[in-house]
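Data from coords-v2.txt: compact mmCIF, C-alpha atoms
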```txt
# COMPACT_ATOMS: atom_id res chain seq x y z
CA MET A 14 3.02 -29.33 22.04
CA ALA A 15 5.83 -26.76 21.84
CA THR A 16 6.36 -24.50 24.82
CA LYS A 17 6.11 -20.75 24.42
CA ARG A 18 9.90 -20.50 24.58
CA GLU A 19 10.28 -23.10 21.84
CA LEU A 20 7.76 -21.23 19.66
CA LEU A 21 9.65 -17.97 20.08
CA ASP A 22 12.93 -19.72 19.25
CA GLU A 23 11.35 -21.19 16.12
CA ILE A 24 10.08 -17.74 15.09
CA ARG A 25 13.53 -16.20 15.66
CA GLY A 26 15.20 -19.00 13.66
CA ALA A 27 12.83 -18.72 10.71
CA LEU A 28 12.55 -14.94 10.62
CA GLY A 29 16.12 -14.09 9.57
CA PRO A 30 16.19 -16.06 6.28
CA ALA A 31 12.50 -15.23 5.60
CA VAL A 32 12.94 -11.46 5.62
CA SER A 33 13.23 -9.93 2.17
CA PRO A 34 15.88 -7.20 1.82
CA SER A 35 12.93 -5.00 0.77
CA LEU A 36 11.62 -5.08 4.33
CA THR A 37 14.13 -2.65 5.74
CA ASN A 38 13.19 0.20 8.04
CA ARG A 39 13.72 2.49 5.06
CA SER A 40 11.75 0.71 2.35
CA LYS A 41 9.18 -1.13 4.50
CA GLY A 42 8.28 -3.27 1.51
CA CYS A 43 7.16 -0.33 -0.60
CA ASP A 44 9.76 -0.72 -3.36
CA ILE A 45 8.78 -4.30 -4.18
CA TYR A 46 5.09 -3.37 -3.96
CA GLU A 47 5.51 -0.50 -6.41
CA ALA A 48 7.29 -2.84 -8.84
CA TYR A 49 4.40 -5.29 -8.53
CA LEU A 50 1.82 -2.58 -9.23
CA PHE A 51 3.91 -1.43 -12.22
CA ALA A 52 3.56 -4.97 -13.56
CA LEU A 53 -0.22 -5.00 -12.94
CA VAL A 54 -0.59 -1.74 -14.89
CA LEU A 55 1.38 -3.25 -17.76
CA GLU A 56 -0.72 -6.42 -17.70
CA SER A 57 -3.89 -4.32 -17.79
CA ALA A 58 -2.62 -2.34 -20.78
CA GLN A 59 -1.76 -5.60 -22.50
CA GLN A 60 -5.21 -7.06 -21.78
CA GLU A 61 -6.78 -3.88 -23.16
CA GLY A 62 -4.97 -4.40 -26.44
CA ALA A 63 -1.76 -2.38 -26.19
CA THR A 64 0.10 -3.05 -29.42
CA ARG A 65 3.49 -2.00 -28.14
CA ILE A 66 5.13 -2.55 -24.76
CA VAL A 67 8.89 -2.07 -24.48
CA PHE A 68 11.24 -1.30 -21.63
CA GLU A 69 13.47 1.69 -22.02
CA ASN A 70 16.17 3.31 -19.89
CA VAL A 71 16.27 6.96 -18.91
CA ASP A 72 18.90 7.60 -21.64
CA GLY A 73 16.53 6.22 -24.30
CA SER A 74 18.32 2.90 -24.78
CA THR A 75 16.38 -0.37 -24.77
CA ALA A 76 16.45 -1.93 -21.31
CA SER A 77 17.68 -5.50 -21.03
CA THR A 78 17.45 -5.10 -17.24
CA VAL A 79 14.47 -3.30 -15.72
CA THR A 80 15.77 -0.99 -12.99
CA PHE A 81 13.18 0.37 -10.59
CA ARG A 82 13.70 3.45 -8.43
CA THR A 83 13.38 2.69 -4.72
CA SER A 84 13.00 6.33 -3.73
CA PRO A 85 11.26 9.16 -5.58
CA MET A 86 13.43 11.01 -8.07
CA LYS A 87 13.29 13.45 -10.90
CA ILE A 88 12.34 11.82 -14.18
CA GLN A 89 15.72 12.93 -15.64
CA THR A 90 17.88 11.33 -12.91
CA ARG A 91 20.60 9.26 -14.55
CA THR A 92 22.69 8.14 -11.60
CA ARG A 93 21.56 4.63 -12.56
CA PRO A 94 19.88 3.36 -15.73
CA TYR A 95 16.36 3.68 -14.31
CA SER A 96 13.76 2.11 -16.56
CA HIS A 97 10.23 2.82 -17.66
CA ALA A 98 7.85 1.04 -20.01
CA VAL A 99 6.61 2.52 -23.27
CA ILE A 100 2.98 1.62 -23.97
CA GLY A 101 1.41 2.08 -27.38
CA PHE A 102 -2.21 1.79 -28.55
CA ASP A 103 -3.03 2.01 -32.26
CA GLY A 104 -3.78 5.52 -33.37
CA LYS A 105 -3.10 7.04 -29.96
CA PRO A 106 -0.12 9.01 -28.61
CA ALA A 107 2.36 6.76 -26.83
CA LEU A 108 2.40 6.54 -23.03
CA GLU A 109 5.11 5.84 -20.49
CA LEU A 110 4.80 3.94 -17.22
CA HIS A 111 7.11 5.04 -14.40
CA VAL A 112 7.80 4.15 -10.78
CA GLY A 113 8.86 6.73 -8.17
CA ILE A 114 8.97 10.08 -9.94
CA PHE A 115 7.90 13.59 -9.00
CA LEU A 116 4.75 14.95 -10.58
CA ASN A 117 3.56 18.56 -10.51
CA GLY A 118 0.13 19.25 -9.10
CA GLY A 119 -2.16 22.11 -10.10
CA SER A 120 -0.55 24.23 -7.39
CA ARG A 121 2.85 23.61 -9.07
CA VAL A 122 3.98 21.72 -6.02
CA ALA A 123 5.95 18.58 -6.94
CA HIS A 124 4.46 15.46 -5.34
CA GLU A 125 6.03 12.02 -5.08
CA SER A 126 4.13 9.66 -7.34
CA ASP A 127 4.61 5.94 -6.77
CA VAL A 128 3.33 4.64 -10.12
CA VAL A 129 2.32 6.90 -12.98
CA VAL A 130 1.26 6.56 -16.62
CA LEU A 131 2.27 9.68 -18.49
CA ASP A 132 2.14 11.12 -22.01
CA ARG A 133 5.38 10.08 -23.69
CA ALA A 134 5.66 13.54 -25.27
CA GLU A 135 5.59 15.12 -21.79
CA ALA A 136 8.19 12.65 -20.48
CA ASN A 137 10.44 13.26 -23.51
CA ALA A 138 10.15 17.03 -23.07
CA CYS A 139 11.25 16.69 -19.45
CA ARG A 140 14.15 14.38 -20.35
CA SER A 141 15.32 16.27 -23.44
CA ASP A 142 17.65 18.38 -21.34
CA PRO A 143 18.90 16.32 -18.39
CA GLN A 144 19.92 19.54 -16.63
CA SER A 145 16.49 21.12 -17.01
CA GLU A 146 15.00 19.51 -13.89
CA ILE A 147 11.49 20.07 -15.33
CA VAL A 148 8.82 18.07 -13.50
CA PRO A 149 6.03 16.44 -15.56
CA ARG A 150 2.58 17.95 -15.07
CA SER A 151 -0.15 15.83 -13.54
CA GLY A 152 -2.54 17.05 -16.25
CA LYS A 153 -0.42 15.07 -18.70
CA ALA A 154 -0.76 11.87 -16.71
CA LEU A 155 -3.35 9.24 -17.55
CA LEU A 156 -3.34 7.66 -14.10
CA THR A 157 -1.43 7.71 -10.84
CA ILE A 158 -1.19 5.15 -8.04
CA GLU A 159 -0.31 5.76 -4.41
CA ALA A 160 1.09 2.40 -3.26
CA LYS A 161 0.95 1.47 0.42
CA PHE A 162 2.46 -1.80 1.59
CA TYR A 163 1.35 -2.16 5.18
CA SER A 164 1.65 -4.79 7.88
CA SER A 165 -1.49 -3.68 9.72
CA GLN A 166 -4.66 -1.77 8.79
CA LEU A 167 -4.18 1.27 6.59
CA LYS A 168 -4.48 4.37 8.73
CA LEU A 169 -7.21 6.92 8.14
CA GLY A 170 -4.57 9.68 7.91
CA LEU A 171 -3.22 8.10 4.72
CA GLY A 172 -6.71 8.26 3.22
CA ARG A 173 -6.94 11.93 4.18
CA ASN A 174 -3.51 12.63 2.63
CA PHE A 175 -4.60 10.90 -0.55
CA LEU A 176 -7.75 13.02 -0.71
CA GLY A 177 -5.60 16.15 -0.39
CA LEU A 178 -3.27 14.92 -3.12
CA CYS A 179 -6.22 14.28 -5.42
CA THR A 180 -7.45 17.84 -5.04
CA ASP A 181 -4.09 19.13 -6.29
CA TYR A 182 -3.64 16.60 -9.10
CA THR A 183 -5.32 17.36 -12.39
CA VAL A 184 -4.93 13.75 -13.51
CA ARG A 185 -8.18 12.05 -14.48
CA ASP A 186 -7.73 8.79 -12.50
CA SER A 187 -5.93 8.36 -9.17
CA PHE A 188 -5.84 5.21 -7.08
CA LEU A 189 -4.82 4.45 -3.52
CA VAL A 190 -3.73 0.81 -3.62
CA THR A 191 -2.77 -1.23 -0.58
CA ASN A 192 -2.06 -4.84 0.34
CA THR A 193 -4.12 -4.52 3.49
CA ALA A 194 -7.64 -3.39 4.38
CA SER A 195 -9.17 -0.38 6.05
CA ASP A 196 -12.87 0.12 6.69
CA SER A 197 -12.30 3.75 7.65
CA VAL A 198 -10.34 4.63 4.47
CA ALA A 199 -12.88 2.73 2.36
CA ALA A 200 -15.71 4.72 3.95
CA LEU A 201 -13.81 8.00 3.53
CA LEU A 202 -13.18 7.43 -0.19
CA ALA A 203 -16.47 5.75 -1.07
CA GLY A 204 -18.19 7.53 -3.94
CA ARG A 205 -15.30 9.91 -4.55
CA LYS A 206 -13.47 10.49 -7.81
CA CYS A 207 -10.20 9.11 -6.42
CA LYS A 208 -10.48 5.38 -5.92
CA PHE A 209 -9.44 2.95 -3.21
CA ALA A 210 -8.23 -0.57 -4.00
CA PRO A 211 -7.59 -2.55 -0.78
CA GLN A 212 -6.05 -6.01 -0.31
CA VAL A 213 -4.25 -5.99 -3.66
CA ASP A 214 -1.79 -8.80 -3.08
CA PRO A 215 -1.00 -12.03 -4.99
CA SER A 216 -2.75 -14.00 -2.23
CA GLN A 217 -6.04 -12.14 -2.96
CA PRO A 218 -6.66 -12.81 -6.66
CA SER A 219 -10.20 -11.39 -6.66
CA GLN A 220 -8.93 -8.03 -5.38
CA VAL A 221 -6.09 -8.07 -7.92
CA ASP A 222 -8.67 -8.71 -10.66
CA ARG A 223 -10.78 -5.84 -9.35
CA LEU A 224 -7.83 -3.45 -9.69
CA ARG A 225 -6.99 -4.84 -13.13
CA GLY A 226 -10.60 -4.09 -14.15
CA LEU A 227 -10.32 -0.49 -12.92
CA LEU A 228 -7.02 -0.02 -14.75
CA ARG A 229 -8.39 -1.59 -17.91
CA THR A 230 -11.27 0.88 -17.85
CA VAL A 231 -8.76 3.73 -17.77
CA PHE A 232 -6.94 2.32 -20.81
CA PHE A 233 -10.24 1.58 -22.56
CA ASN A 234 -11.35 5.18 -22.10
CA TYR A 235 -7.98 6.39 -23.36
CA LYS A 236 -8.34 4.28 -26.52
CA THR A 237 -11.86 5.41 -27.25
CA ARG A 238 -11.52 9.10 -26.34
CA ARG A 239 -11.59 11.44 -29.39
CA MET B 17 -3.07 -17.93 27.17
CA ASN B 18 -3.80 -15.52 29.99
CA ASN B 19 -3.26 -11.77 29.82
CA GLU B 20 0.07 -11.95 31.65
CA ASP B 21 1.44 -14.51 29.16
CA ALA B 22 0.12 -12.48 26.23
CA ILE B 23 1.90 -9.34 27.48
CA GLU B 24 5.14 -11.30 27.92
CA MET B 25 4.88 -12.89 24.45
CA TYR B 26 4.11 -9.51 22.89
CA THR B 27 7.25 -8.04 24.46
CA GLU B 28 9.36 -11.01 23.31
CA LEU B 29 8.02 -10.91 19.74
CA THR B 30 8.62 -7.17 19.63
CA ARG B 31 12.22 -7.75 20.71
CA ILE B 32 12.72 -10.36 17.97
CA LEU B 33 11.29 -8.08 15.28
CA ARG B 34 13.59 -5.26 16.37
CA GLU B 35 16.59 -7.64 16.16
CA PHE B 36 15.82 -8.02 12.45
CA ALA B 37 15.29 -4.28 11.84
CA LEU B 38 11.55 -4.74 11.56
CA ASP B 39 10.77 -1.94 14.01
CA TRP B 40 8.35 -0.46 11.47
CA ILE B 41 6.04 -3.47 11.86
CA VAL B 42 5.93 -2.89 15.62
CA GLU B 43 5.30 0.82 15.07
CA GLN B 44 2.40 0.21 12.68
CA VAL B 45 0.81 -2.21 15.14
CA GLU B 46 1.31 0.20 18.02
CA ASP B 47 -0.42 2.91 15.98
CA ASP B 48 -3.40 0.56 15.67
CA ILE B 49 -3.32 -0.17 19.40
CA ARG B 50 -3.23 3.54 20.22
CA ALA B 51 -6.20 4.18 17.93
CA GLY B 52 -8.24 1.48 19.71
CA LYS B 53 -10.70 -1.02 18.35
CA ALA B 54 -13.71 0.48 16.59
CA GLU B 55 -17.04 -1.11 17.42
CA GLN B 56 -20.60 -0.21 16.62
CA LYS B 57 -22.67 0.41 19.73
CA ARG B 58 -26.23 1.49 20.29
CA ALA B 59 -26.82 4.22 22.82
CA THR B 60 -29.89 5.93 24.17
CA ILE B 61 -30.48 9.54 23.20
CA PRO B 62 -32.69 11.26 25.74
CA GLY B 63 -35.75 13.01 24.36
CA ASP B 64 -35.93 16.84 24.17
CA ARG B 65 -36.72 18.44 27.47
CA ARG B 66 -37.94 21.88 28.23
CA ASP B 67 -35.21 22.43 30.81
CA ALA B 68 -32.57 21.79 28.07
CA LEU B 69 -33.55 25.07 26.43
CA ALA B 70 -31.04 27.85 27.01
CA GLU B 71 -33.74 30.40 27.49
CA ALA B 72 -37.32 30.15 28.46
CA PRO B 73 -39.55 30.54 25.42
CA PRO B 74 -41.36 33.89 25.19
CA SER B 75 -44.74 33.77 26.77
CA GLY B 76 -47.36 32.58 24.41
CA ALA B 77 -44.78 30.89 22.09
CA LYS B 78 -45.64 27.42 20.96
CA ILE B 79 -43.42 24.73 22.44
CA SER B 80 -42.63 21.94 20.02
CA ARG B 81 -43.75 18.51 20.95
CA ARG B 82 -41.31 16.55 23.06
CA ARG B 83 -39.21 14.06 21.02
CA PRO B 84 -39.20 10.56 22.48
CA THR B 85 -36.12 8.89 23.91
CA ARG B 86 -34.52 6.78 21.18
CA GLU B 87 -31.62 4.44 20.47
CA GLU B 88 -29.04 5.30 17.81
CA GLU B 89 -25.89 3.63 16.53
CA PHE B 90 -22.49 5.08 17.44
CA THR B 91 -18.89 4.11 16.73
CA ALA B 92 -17.10 3.38 19.98
CA LEU B 93 -13.34 2.99 20.46
CA ARG B 94 -12.25 0.54 23.09
CA ASP B 95 -8.79 -0.59 24.16
CA PHE B 96 -7.43 -3.80 22.68
CA SER B 97 -6.98 -6.57 25.23
CA PRO B 98 -3.46 -8.05 25.70
CA THR B 99 -4.39 -11.15 23.65
CA GLU B 100 -5.84 -9.00 20.85
CA ARG B 101 -2.63 -6.94 20.84
CA LEU B 102 -0.53 -10.07 20.47
CA GLU B 103 -2.78 -11.30 17.67
CA LEU B 104 -2.37 -7.96 15.84
CA LEU B 105 1.41 -8.31 16.06
CA ILE B 106 1.37 -11.94 14.87
CA ASP B 107 -0.87 -11.05 11.91
CA ALA B 108 1.22 -8.01 10.98
CA THR B 109 4.45 -10.02 11.05
CA ASP B 110 2.94 -12.73 8.89
CA ARG B 111 1.39 -10.25 6.44
CA ALA B 112 4.58 -8.23 5.97
CA VAL B 113 7.10 -11.08 5.73
CA GLN B 114 4.96 -13.44 3.71
CA GLY B 115 3.56 -10.60 1.60
CA ALA B 116 6.98 -9.28 0.53
CA ALA B 117 8.27 -12.77 -0.30
CA ASN B 118 5.12 -13.49 -2.35
CA LEU B 119 5.52 -10.24 -4.26
CA GLU B 120 9.11 -11.10 -5.17
CA SER B 121 8.15 -14.57 -6.26
CA GLN B 122 5.24 -13.23 -8.30
CA LEU B 123 7.36 -10.56 -9.99
CA LEU B 124 9.86 -13.16 -11.14
CA ASN B 125 7.08 -15.15 -12.77
CA MET B 126 5.08 -12.39 -14.45
CA GLU B 127 5.12 -12.88 -18.20
CA VAL B 128 4.92 -9.17 -18.84
CA PHE B 129 8.62 -8.86 -17.96
CA GLY B 130 9.52 -11.53 -20.49
CA GLY B 131 12.30 -12.90 -18.31
CA VAL B 132 14.34 -9.67 -18.12
CA LYS B 133 16.40 -9.10 -15.00
CA ILE B 134 14.70 -6.92 -12.39
CA VAL B 135 16.77 -4.55 -10.26
CA LEU B 136 15.62 -2.37 -7.37
CA ALA B 137 17.95 0.58 -7.07
CA GLY B 138 18.13 3.68 -4.90
CA GLU B 139 20.28 6.72 -5.59
CA GLU B 140 23.90 6.00 -6.41
CA GLY B 141 25.18 7.20 -3.07
CA ASP B 142 22.87 5.15 -0.87
CA ASN B 143 24.33 1.86 -2.08
CA VAL B 144 20.98 0.11 -2.09
CA SER B 145 20.70 -1.92 -5.25
CA ARG B 146 19.78 -5.54 -5.68
CA SER B 147 18.52 -7.77 -8.42
CA LEU B 148 15.74 -10.26 -7.82
CA ASP B 149 17.10 -13.79 -7.87
CA ALA B 150 14.92 -16.87 -8.38
CA GLY B 151 17.12 -19.15 -6.25
CA GLN B 152 17.23 -16.76 -3.31
CA THR B 153 13.50 -16.13 -3.55
CA GLU B 154 12.73 -19.86 -3.51
CA ARG B 155 14.88 -20.38 -0.43
CA ARG B 156 13.25 -17.40 1.22
CA MET B 157 9.79 -18.85 0.52
CA GLN B 158 10.75 -22.03 2.39
CA SER B 159 11.73 -19.98 5.45
CA VAL B 160 8.52 -17.96 5.11
CA GLN B 161 6.51 -21.18 5.28
CA ARG B 162 8.43 -22.24 8.39
CA LEU B 163 7.77 -18.84 9.97
CA SER B 164 4.08 -18.94 9.06
CA ARG B 165 3.74 -22.34 10.72
CA ALA B 166 5.36 -21.06 13.92
CA LEU B 167 3.17 -17.95 13.94
CA ALA B 168 0.08 -20.09 13.32
CA ALA B 169 1.02 -22.29 16.29
CA LEU B 170 1.38 -19.21 18.48
CA ARG B 171 -1.98 -17.88 17.24
CA LEU B 172 -3.61 -21.24 18.03
CA GLU B 173 -2.14 -21.23 21.53
CA LEU B 174 -3.55 -17.74 21.99
CA ARG B 175 -7.03 -18.68 20.81
CA ASN B 176 -7.17 -21.94 22.72
CA GLY B 177 -6.35 -20.10 25.89
CA HIS B 178 -3.48 -22.46 26.81
```
Is it possible to give me this structure as structure tokens?
Amino acid sequence: MATKRELLDEIRGALGPAVSPSLTNRSKGCDIYEAYLFALVLESAQQEGATRIVFENVDGSTASTVTFRTSPMKIQTRTRPYSHAVIGFDGKPALELHVGIFLNGGSRVAHESDVVVLDRAEANACRSDPQSEIVPRSGKALLTIEAKFYSSQLKLGLGRNFLGLCTDYTVRDSFLVTNTASDSVAALLAGRKCKFAPQVDPSQPSQVDRLRGLLRTVFFNYKTRR
Amino acid sequence: MNNEDAIEMYTELTRILREFALDWIVEQVEDDIRAGKAEQKRATIPGDRRDALAEAPPSGAKISRRRPTREEEFTALRDFSPTERLELLIDATDRAVQGAANLESQLLNMEVFGGVKIVLAGEEGDNVSRSLDAGQTERRMQSVQRLSRALAALRLELRNGH
């Protein structure tokens, strides 16, 4: 049996090459998690029968590389060719899926939104003049996701913050999605309009399916709404 | 593992995490430790007593019947023990490191991207931009497995009380 010192040495030796560059003190794994949730939203749209899914850059060109923002920015920011996905359903106005943009709440305060599905017309209006700095309105969003990649239990304060955000957003569906669990946040958000999706992580397929189901319902309602 | 050993191992593991700029994992765990461990406890609620009334009832007023002493459920917060603290730190390290590597690996295999290159990029000035690479991710996964085994061995030592 290894001694405690040997175990610590083994941990130190394995940790360096095991740490993803996304696990810095700045990102804390959030950037890779947001990209993963972006992909889950796209998969859900696809499963719900989206007839068009293409990647596009902020300048309108087709994206051959998908570039995700790692910090929240204005939707017009062109310092890099940041990408979004265009989602189309037959007979419905096109949508756009973004990561890390600002979104205006009902109070006209701009909030950071980790993952958002937005009316394409609203996104185009904001981008039409790159100097305009117009922030999309949450009322023009189909859904938003607050993404929390955590190493330990999700703190109750984050649940409270999310509740506050939901009262300012006029978006129909908002989700707090995390890779970890939290009984207190689950209890706080139980039965509320804004939804909590814990333990969404590739190692928890049933929880991933649960979120996919919730997202599919949002797209289903969008398709069938008159 | 006794409490003294657990405290020493916690300090050592904390030091290792800080060496690799994973201070945030330590901070999240220490937030949990500060909050304490929530447990459901039953406690006795004494029945209503006349001497608990702020004022004596007016003469002739009817005094409600005395409520019996009863047990009710409360949430209690207790301190984590040194071994529980170490277990929290082991779990958090495993969850963060393994979780991030899994996410990368998963992203590279999701059909919805159709094999396009994926780049994570901050603002131009902050010089943080990287593309996900299958070879690097595979090598990282091997190290993650090695780390998970070492953390599992430490967890076992903790639980077995060696």
Within 10 Å of Leu156 of chain A using all atoms listed in the file, minus same-chain residues under 4 positions, as a PDB file with C-alpha atoms, in the frame of the given file:
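Once everything was written out, this is around17.pdb:
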```
ATOM      1  CA  VAL A  54      -0.590  -1.740 -14.890  1.00  0.00           C
ATOM      2  CA  LEU A 110       4.800   3.940 -17.220  1.00  0.00           C
ATOM      3  CA  VAL A 128       3.330   4.640 -10.120  1.00  0.00           C
ATOM      4  CA  VAL A 129       2.320   6.900 -12.980  1.00  0.00           C
ATOM      5  CA  VAL A 130       1.260   6.560 -16.620  1.00  0.00           C
ATOM      6  CA  LEU A 131       2.270   9.680 -18.490  1.00  0.00           C
ATOM      7  CA  SER A 151      -0.150  15.830 -13.540  1.00  0.00           C
ATOM      8  CA  GLY A 152      -2.540  17.050 -16.250  1.00  0.00           C
ATOM      9  CA  VAL A 184      -4.930  13.750 -13.510  1.00  0.00           C
ATOM     10  CA  ARG A 185      -8.180  12.050 -14.480  1.00  0.00           C
ATOM     11  CA  ASP A 186      -7.730   8.790 -12.500  1.00  0.00           C
ATOM     12  CA  SER A 187      -5.930   8.360  -9.170  1.00  0.00           C
ATOM     13  CA  PHE A 188      -5.840   5.210  -7.080  1.00  0.00           C
ATOM     14  CA  LEU A 228      -7.020  -0.020 -14.750  1.00  0.00           C
ATOM     15  CA  VAL A 231      -8.760   3.730 -17.770  1.00  0.00           C
ATOM     16  CA  PHE A 232      -6.940   2.320 -20.810  1.00  0.00           C
TER      17      PHE A 232
END
```
12 Å contact set for Gln217 of chain A, only C-alpha atoms, chain neighbours under 5 positions out, as a ChimeraX atom specification: /A:191-194,210-212,222-224 /B:115,118-119
Two-atom distance - atom CA of Arg173 of chain A, atom CA of Leu202 of chain A (Å): 8.8 Å
One-decimal distance in Å that lies between atom CA of Glu46 of chain B and atom CA of Asp44 of chain A: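 These atoms are spaced 23.0 Å apart.
In this structure, atom CA of Arg58 of chain B sits 12.9 Å away from atom CA of Thr85 of chain B.
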Residue contacts of Met25 of chain B (10 Å, all atoms listed in the file) excluding same-chain residues fewer than 6 positions away, as a ChimeraX atom specification: /A:17-18,21 /B:17,19,31,98-99,102,170
Residues within 12 Å of (6.0, -2.5, 11.6), file coords, only C-alpha atoms, listed as a count of residues only: 40
Find the residues of chain B that sit at most 6 Å from chain A; for each, write down the nearest two atoms and how far apart they are in Å, to one decimal. Count only C-alpha atoms. Sort by chain, then by number going up, and give it as a tab-separated table.
```
residue	atom	partner	partner_atom	distance
B:Trp40	CA	A:Asn38	CA	6.0
B:Ala108	CA	A:Ser164	CA	4.5
B:Arg111	CA	A:Ser164	CA	5.7
B:Ala112	CA	A:Ser164	CA	4.9
B:Val113	CA	A:Val32	CA	5.9
B:Val132	CA	A:Thr78	CA	5.6
B:Lys133	CA	A:Thr78	CA	4.7
B:Ile134	CA	A:Val79	CA	4.9
B:Val135	CA	A:Thr80	CA	4.6
B:Leu136	CA	A:Phe81	CA	4.9
B:Ala137	CA	A:Arg82	CA	5.3
B:Gly138	CA	A:Thr83	CA	4.9
B:Glu140	CA	A:Thr92	CA	5.7
B:Arg156	CA	A:Ala31	CA	4.9
B:Ser159	CA	A:Ala31	CA	4.8
B:Val160	CA	A:Ala31	CA	4.9
B:Leu163	CA	A:Ala27	CA	5.1
B:Ala166	CA	A:Ile24	CA	5.9
```
Long-range neighbours of Ile88 of chain A as a PyMOL selection string, 10 Å cut-off, all atoms listed in the file, 6 positions minimum in chain: chain A and resi 71+95+97+111-116+136-137+139-140+143+146-149
